[in-house]
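Trainee: Below are the structure tokens for one structure; questions will follow.
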Amino acid sequence: MEAALAQAQAELGVIPQDAADEITRKAKLELLDIDAIHQGLAVTGHPLVPLVWELDRVCEGDAGGYAHWGATTQNITQTGDILLLRKAHDIFLGQLATLLRILADLAEKSKDMLLPGRTHGQHAVPATYGYKVAVWIDELCRHVERLQGCEGRVFVAMLGGGAGTLASLGETGLPTQDKIGEKLGLGSMSMPSRTSDDHRAEYVTLLSMLAATSSKIGREVYEQMKQEFSEVEEPVPAGTVGSSTMPQKRNPKLSQDIVAAAAQVRNFVPLALEAMQTEHEADRTHTVMMGRAVTETCALMGDILTRLINLFSGIRLFPERMRQNLDLSGGLIMAEALMLDLGQTIGRQHAHDAVYDAAQATATEGGTFREHLAAHPDVSSRLSMERVEALLDPAQYTGMCRPFAERGAKQAREVADAIEQRQR
């Protein structure tokens with residue numbers, strides 16, 4: 001940032017070109033005395049001045065005297081942090097591309113794997129595992145769109161001077177800031193106020209939304225891995241120990257870590273929003289809080305995406321158990337299909353009442369759903385038992401699950417391709 005500042009100012013005639021070239025040559029960490037910088041930090045308690053001193057010292061002639069010209073500390077550190085954030089951003093998008101490709105394969109593999117669709121924790125209608133994966137893909141693709149959509153707002157250079165008024169640079173200030181952005185591959189703040197940090201707060205919020213989706217996915221795997229379900233199992237490498245006292249344990253460690261890390265990410269959103277409330281023209285409390293929110297959420301988000309990649313790279317699916325669970329209700333999960341078919345002759349509401357009576361009798365009086373359907377006059381007078389049996393087949397009532405899974409796989413690969421094309 002200091003080198004880009006010097007070069008931009010030289011091009012606009014603010015400082016000599018020779019000075020800018022020397023500053024650029026020496027603005028390399030390996031050329032500086034790190035111990036001297038650390039000592040200066042300890043003495044001054046200032047996050048940047050000792051670095052500027054050291055840059056001045058290593059520059060030949062009077063070039064060092066032009067370093068940091070007209071800038072204030074936050075201009076340098078915030079823009080530097082934005083450069084780091086953009087690197088993290090590119091990593092996140094690359095991780096999402098990898099994850100989407102893995103989920104594309106999984107959606108295709110499981111597009112016909114029947115399981116009970118559940119609402120309110122109860123069996124609702126049949127679905128497929130591939131449908132679940134397609135839902136995750138759809139949501140993750142929107143997060144990619146959001147992350148890419150914020151780039152013009154978030155990744156911007158800042159050069160406003162002491163109070164954001166550009167008093168130290170005057171009319172050359174904004175052109176200098178624009179040139180800095182060009183050299184660093186960033187945009188330029190329209191108002192370089194030191195109190196404006198809504199762009200980084202937005203990024204923290206977007207990461208929290210991605211974390212929430214990640215947590216939803218992790219919770220689903222965690223739930224389905226319970227012995228009572230046993231529909232999936234996350235990777236449990238040979239030799240993995242689940243418990244120091246219970247040798248049988250095969251715990252969902254990845255899923256639990258995803259859920260726990262995602263909760264922490266979401267909890268940094270209030271801190272980022274609090275950091276937006278800066279006093280007057282600058283306030284150290286804001287930079288401390290925002291720096292913590294951005295740093296922590298990025299570290300956690302990278303961890304979450306890594307664990308999701310590891311989880312789905314080795315997930316095991318148990319379609320036989322999925323089907324067993326689908327059949328647990330003895331056909332009750334097909335009540336909607338029966339109602340709609342019967343409704344064609346007696347109307348939807350009357351059909352609902354008839355199937356409802358049979359279903360509730362099954363739940364409270366014993367016997368099978370088939371027996372109670374056969375005993376209900378509105379059903380038996382209009383539907384043959386052969387027709388009832390056909391309507392009780394869950395494989396015939398999965399709606400658009402298969403096309404959704406196929407479309408999701410295609411969408412995932414297209415978005416992954418687009419991400420990778422941008423990053424080449």
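For the structure tokens, the naming scheme is as follows: chains receive sequential letters (A, B, ...) according to their order of presentation, residues are indexed from 1 within each chain, and ligands are indexed from 1 in presentation order.
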Name the residues in contact with stretch 28-35 of chain A at a cut-off of 10 Å, using only C-alpha atoms, excluding same-chain residues fewer than 5 positions from it; report them as a PyMOL selection string.
Mentor: chain A and resi 3+23+40-41+50-51+54-55+57-58
Trainee: Store the residues picked out above in a file with C-alpha atoms, as a compact mmCIF listing (two decimals), in the first residue's frame.
Mentor:
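File produced: out10.txt:
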```
# COMPACT_ATOMS: atom_id res chain seq x y z
CA ALA A 3 4.50 1.58 -2.53
CA ILE A 23 10.26 3.61 -1.86
CA GLY A 40 9.27 0.83 18.04
CA LEU A 41 5.84 -0.73 18.43
CA PRO A 50 7.68 2.33 13.48
CA LEU A 51 7.19 0.69 10.08
CA GLU A 54 12.11 1.82 9.14
CA LEU A 55 11.03 2.33 5.52
CA ARG A 57 15.74 4.53 7.10
CA VAL A 58 16.36 1.92 4.39
```
Trainee: Mind the document's chain letters and residue numbers, and return as an MDAnalysis selection string the residues of stretch 170-247 of chain A that DSSP labels strand (DSSP E or B).
Mentor: chainID A and resid 187:188 232:233
Trainee: Would you write out those residues with all heavy atoms, as a PDB file, in the first residue's frame?
Mentor:
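Just written: result.pdb:
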```pdb
ATOM      1  N   GLY A 187     -11.090  -1.254  -6.137  1.00  0.00           N
ATOM      2  CA  GLY A 187     -11.862  -0.080  -6.475  1.00  0.00           C
ATOM      3  C   GLY A 187     -11.409   1.089  -5.614  1.00  0.00           C
ATOM      4  O   GLY A 187     -10.346   1.051  -4.979  1.00  0.00           O
ATOM      5  N   SER A 188     -12.213   2.140  -5.559  1.00  0.00           N
ATOM      6  CA  SER A 188     -11.840   3.348  -4.827  1.00  0.00           C
ATOM      7  C   SER A 188     -13.054   3.847  -4.058  1.00  0.00           C
ATOM      8  O   SER A 188     -14.155   3.916  -4.600  1.00  0.00           O
ATOM      9  CB  SER A 188     -11.364   4.413  -5.823  1.00  0.00           C
ATOM     10  OG  SER A 188     -10.979   5.596  -5.172  1.00  0.00           O
ATOM     11  N   VAL A 232     -26.871 -41.909   6.769  1.00  0.00           N
ATOM     12  CA  VAL A 232     -25.584 -41.482   6.219  1.00  0.00           C
ATOM     13  C   VAL A 232     -24.535 -41.611   7.319  1.00  0.00           C
ATOM     14  O   VAL A 232     -24.857 -41.752   8.500  1.00  0.00           O
ATOM     15  CB  VAL A 232     -25.614 -40.022   5.706  1.00  0.00           C
ATOM     16  CG1 VAL A 232     -26.735 -39.805   4.709  1.00  0.00           C
ATOM     17  CG2 VAL A 232     -25.736 -39.031   6.862  1.00  0.00           C
ATOM     18  N   GLU A 233     -23.282 -41.522   6.907  1.00  0.00           N
ATOM     19  CA  GLU A 233     -22.190 -41.461   7.886  1.00  0.00           C
ATOM     20  C   GLU A 233     -21.066 -40.628   7.291  1.00  0.00           C
ATOM     21  O   GLU A 233     -20.634 -40.859   6.160  1.00  0.00           O
ATOM     22  CB  GLU A 233     -21.671 -42.853   8.234  1.00  0.00           C
ATOM     23  CG  GLU A 233     -20.594 -42.817   9.332  1.00  0.00           C
ATOM     24  CD  GLU A 233     -20.082 -44.194   9.699  1.00  0.00           C
ATOM     25  OE1 GLU A 233     -19.464 -44.853   8.828  1.00  0.00           O
ATOM     26  OE2 GLU A 233     -20.301 -44.616  10.857  1.00  0.00           O
TER      27      GLU A 233
END
```
Trainee: Would you kindly return, as a PyMOL selection string, each protein, DNA or RNA residue with an atom no farther than 8 Å from any atom of A:Leu106, considering only C-alpha atoms and excluding same-chain residues fewer than 4 positions away?
Mentor: chain A and resi 102+110+130+133
Trainee: So that each row is one residue of stretch 64-153 of chain A with an atom at most 12 Å from stretch 390-414 of chain A, can you give its shortest atom pair and the distance in Å to one decimal, using only C-alpha atoms, rows by chain and rising number, as CSV?
Mentor:
```
residue,atom,partner,partner_atom,distance
A:Leu96,CA,A:Ala412,CA,9.7
A:Ala97,CA,A:Ala412,CA,8.0
A:Thr98,CA,A:Arg413,CA,9.5
A:Leu99,CA,A:Ala412,CA,8.9
A:Leu100,CA,A:Ala412,CA,5.1
A:Arg101,CA,A:Arg413,CA,5.7
A:Ile102,CA,A:Ala412,CA,8.9
A:Leu103,CA,A:Ala409,CA,7.2
A:Ala104,CA,A:Ala409,CA,3.9
A:Asp105,CA,A:Ala409,CA,6.8
A:Leu106,CA,A:Ala409,CA,8.2
A:Ala107,CA,A:Ala405,CA,5.3
A:Glu108,CA,A:Glu406,CA,6.1
A:Lys109,CA,A:Ala405,CA,9.2
A:Ser110,CA,A:Ala405,CA,8.2
A:Lys111,CA,A:Arg402,CA,5.1
A:Asp112,CA,A:Arg402,CA,6.3
A:Met113,CA,A:Arg402,CA,9.4
A:Leu114,CA,A:Ala395,CA,7.1
A:Leu115,CA,A:Pro394,CA,9.0
A:Pro116,CA,A:Pro394,CA,9.0
A:Gly117,CA,A:Thr398,CA,9.4
A:Ala124,CA,A:Pro394,CA,11.4
A:Val125,CA,A:Thr398,CA,7.8
A:Pro126,CA,A:Thr398,CA,5.7
A:Ala127,CA,A:Thr398,CA,5.3
A:Thr128,CA,A:Cys401,CA,6.2
A:Tyr129,CA,A:Cys401,CA,8.7
A:Gly130,CA,A:Ala405,CA,5.1
A:Tyr131,CA,A:Cys401,CA,5.0
A:Lys132,CA,A:Ala405,CA,8.2
A:Val133,CA,A:Ala405,CA,7.1
A:Ala134,CA,A:Gly408,CA,4.8
A:Val135,CA,A:Gly408,CA,7.7
A:Trp136,CA,A:Gly408,CA,8.8
A:Ile137,CA,A:Gly408,CA,6.1
A:Asp138,CA,A:Gly408,CA,6.7
A:Glu139,CA,A:Gly408,CA,10.3
A:Leu140,CA,A:Ala412,CA,8.8
A:Cys141,CA,A:Ala412,CA,7.2
A:Arg142,CA,A:Ala412,CA,10.8
A:Val144,CA,A:Ala412,CA,10.7
```
Trainee: Please provide the set of residues having any atom within 7 Å of stretch 359-372 of chain A, restricted to only C-alpha atoms, with same-chain residues fewer than 5 positions apart removed, written as JSON, numbers by chain.
Mentor: {"A": [330, 331, 332]}
Trainee: Quick check, in Å to one decimal: how far apart do atom CA of A:Ala201 and atom CA of A:Ala275 lie?
Mentor: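 Pair atom CA of A:Ala201 / atom CA of A:Ala275 returns 8.1 Å.
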Trainee: With stretch 68-80 of chain A as the partner and 12 Å as the cut-off, tabulate the residues of stretch 233-319 of chain A that qualify, each row holding the nearest pair of atoms and their distance in Å to one decimal, using only C-alpha atoms, sorted by chain and rising number, as a tab-separated table.
Mentor:
```
residue	atom	partner	partner_atom	distance
A:Glu281	CA	A:Gln74	CA	11.9
A:Ala282	CA	A:Gln74	CA	9.3
A:Asp283	CA	A:Gln74	CA	10.3
A:Arg284	CA	A:Gln74	CA	9.5
A:His286	CA	A:Gln74	CA	11.0
A:Thr287	CA	A:Gln74	CA	8.3
A:Val288	CA	A:Gln78	CA	11.1
A:Met290	CA	A:Gln78	CA	10.1
A:Gly291	CA	A:Gln78	CA	8.8
A:Val294	CA	A:Gln78	CA	11.4
```
Trainee: Write the residues of the selection above to a file with all heavy atoms, as a CSV table (one decimal), in the first residue's frame.
Mentor:
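The resulting file, out-v7.csv, is shown below:
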```csv
chain,number,residue,atom,x,y,z
A,281,GLU,N,-15.2,11.8,13.3
A,281,GLU,CA,-14.5,11.5,12.1
A,281,GLU,C,-13.6,10.3,12.1
A,281,GLU,O,-13.0,9.9,11.1
A,281,GLU,CB,-13.8,12.7,11.5
A,281,GLU,CG,-14.7,13.7,10.8
A,281,GLU,CD,-15.8,14.3,11.7
A,281,GLU,OE1,-15.4,14.9,12.7
A,281,GLU,OE2,-17.0,14.1,11.3
A,282,ALA,N,-13.4,9.8,13.3
A,282,ALA,CA,-12.6,8.6,13.5
A,282,ALA,C,-12.6,8.1,14.9
A,282,ALA,O,-12.8,9.0,15.8
A,282,ALA,CB,-11.1,8.8,13.1
A,283,ASP,N,-12.4,6.8,15.1
A,283,ASP,CA,-12.6,6.3,16.5
A,283,ASP,C,-11.9,4.9,16.5
A,283,ASP,O,-12.2,4.0,15.7
A,283,ASP,CB,-14.1,6.1,16.8
A,283,ASP,CG,-14.3,5.7,18.3
A,283,ASP,OD1,-13.3,5.3,18.9
A,283,ASP,OD2,-15.4,5.6,18.7
A,284,ARG,N,-10.9,4.8,17.3
A,284,ARG,CA,-10.1,3.6,17.4
A,284,ARG,C,-10.9,2.3,17.7
A,284,ARG,O,-10.7,1.2,17.3
A,284,ARG,CB,-8.9,3.7,18.4
A,284,ARG,CG,-8.1,2.4,18.6
A,284,ARG,CD,-6.9,2.7,19.5
A,284,ARG,NE,-6.4,1.4,20.1
A,284,ARG,CZ,-5.7,0.6,19.4
A,284,ARG,NH1,-5.3,0.8,18.2
A,284,ARG,NH2,-5.2,-0.5,20.0
A,286,HIS,N,-13.7,1.5,16.7
A,286,HIS,CA,-14.3,0.9,15.5
A,286,HIS,C,-13.3,0.0,14.8
A,286,HIS,O,-13.6,-1.1,14.3
A,286,HIS,CB,-14.8,2.0,14.6
A,286,HIS,CG,-14.4,2.0,13.2
A,286,HIS,ND1,-13.3,2.7,12.7
A,286,HIS,CD2,-14.9,1.2,12.1
A,286,HIS,CE1,-13.2,2.4,11.4
A,286,HIS,NE2,-14.1,1.6,11.0
A,287,THR,N,-12.1,0.5,14.6
A,287,THR,CA,-11.1,-0.3,13.9
A,287,THR,C,-10.7,-1.6,14.6
A,287,THR,O,-10.5,-2.6,14.0
A,287,THR,CB,-9.8,0.5,13.6
A,287,THR,OG1,-9.3,1.0,14.9
A,287,THR,CG2,-10.1,1.7,12.7
A,288,VAL,N,-10.7,-1.5,15.9
A,288,VAL,CA,-10.3,-2.7,16.7
A,288,VAL,C,-11.4,-3.8,16.6
A,288,VAL,O,-11.2,-4.9,16.3
A,288,VAL,CB,-10.1,-2.3,18.2
A,288,VAL,CG1,-10.0,-3.6,19.1
A,288,VAL,CG2,-8.9,-1.5,18.4
A,290,MET,N,-13.9,-4.0,14.2
A,290,MET,CA,-14.1,-4.5,12.9
A,290,MET,C,-12.9,-5.4,12.5
A,290,MET,O,-13.2,-6.5,11.8
A,290,MET,CB,-14.2,-3.3,11.9
A,290,MET,CG,-14.6,-3.8,10.5
A,290,MET,SD,-16.3,-4.5,10.4
A,290,MET,CE,-17.2,-3.0,10.5
A,291,GLY,N,-11.7,-5.1,12.9
A,291,GLY,CA,-10.6,-5.9,12.6
A,291,GLY,C,-10.8,-7.3,13.2
A,291,GLY,O,-10.5,-8.3,12.5
A,294,VAL,N,-13.7,-9.2,11.2
A,294,VAL,CA,-13.3,-9.7,9.9
A,294,VAL,C,-12.3,-10.9,10.0
A,294,VAL,O,-12.4,-11.9,9.3
A,294,VAL,CB,-12.6,-8.6,9.1
A,294,VAL,CG1,-12.0,-9.1,7.8
A,294,VAL,CG2,-13.7,-7.5,8.7
```
Trainee: A:Glu11, A:Glu145, A:Glu231, A:Glu220: which is nearest A:Thr172, counting only C-alpha atoms?
Mentor: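 Of all the options, A:Glu11 lies closest to A:Thr172.
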Trainee: Using only C-alpha atoms, which residue out of A:Leu174, A:Ile304, A:Ala354, A:Val236 lies closest to A:Ser208?
Mentor: A:Ile304
Trainee: Please list as a list in words every residue within 8 Å of A:Val355, counting only C-alpha atoms and excluding residues in the same chain fewer than 6 positions away.
Mentor: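 Those residues are Ala335, Leu338, Met339, Leu373 and Val379 of chain A.
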Trainee: Please provide the set of residues having any atom within 10 Å of A:Pro270, restricted to only C-alpha atoms, with same-chain residues fewer than 4 positions apart removed, written as a PyMOL selection string.
Mentor: chain A and resi 201+204-205+266+274-275+293
Trainee: From the set A:Ser214, A:Met158, A:Leu383, A:Ala20, which residue has the shortest atom-to-atom contact distance to A:Ala262, counting only C-alpha atoms?
Mentor: A:Ser214
Trainee: When you look at A:Lys253 with a cut-off of 12 Å (counting only C-alpha atoms), what residues show up, excluding the ones that are within fewer than 2 positions of it in the same chain? I need them as a ChimeraX atom specification.
Mentor: /A:218-219,221-222,225,233-237,240-243,249-251,255-260,307-308,310-311
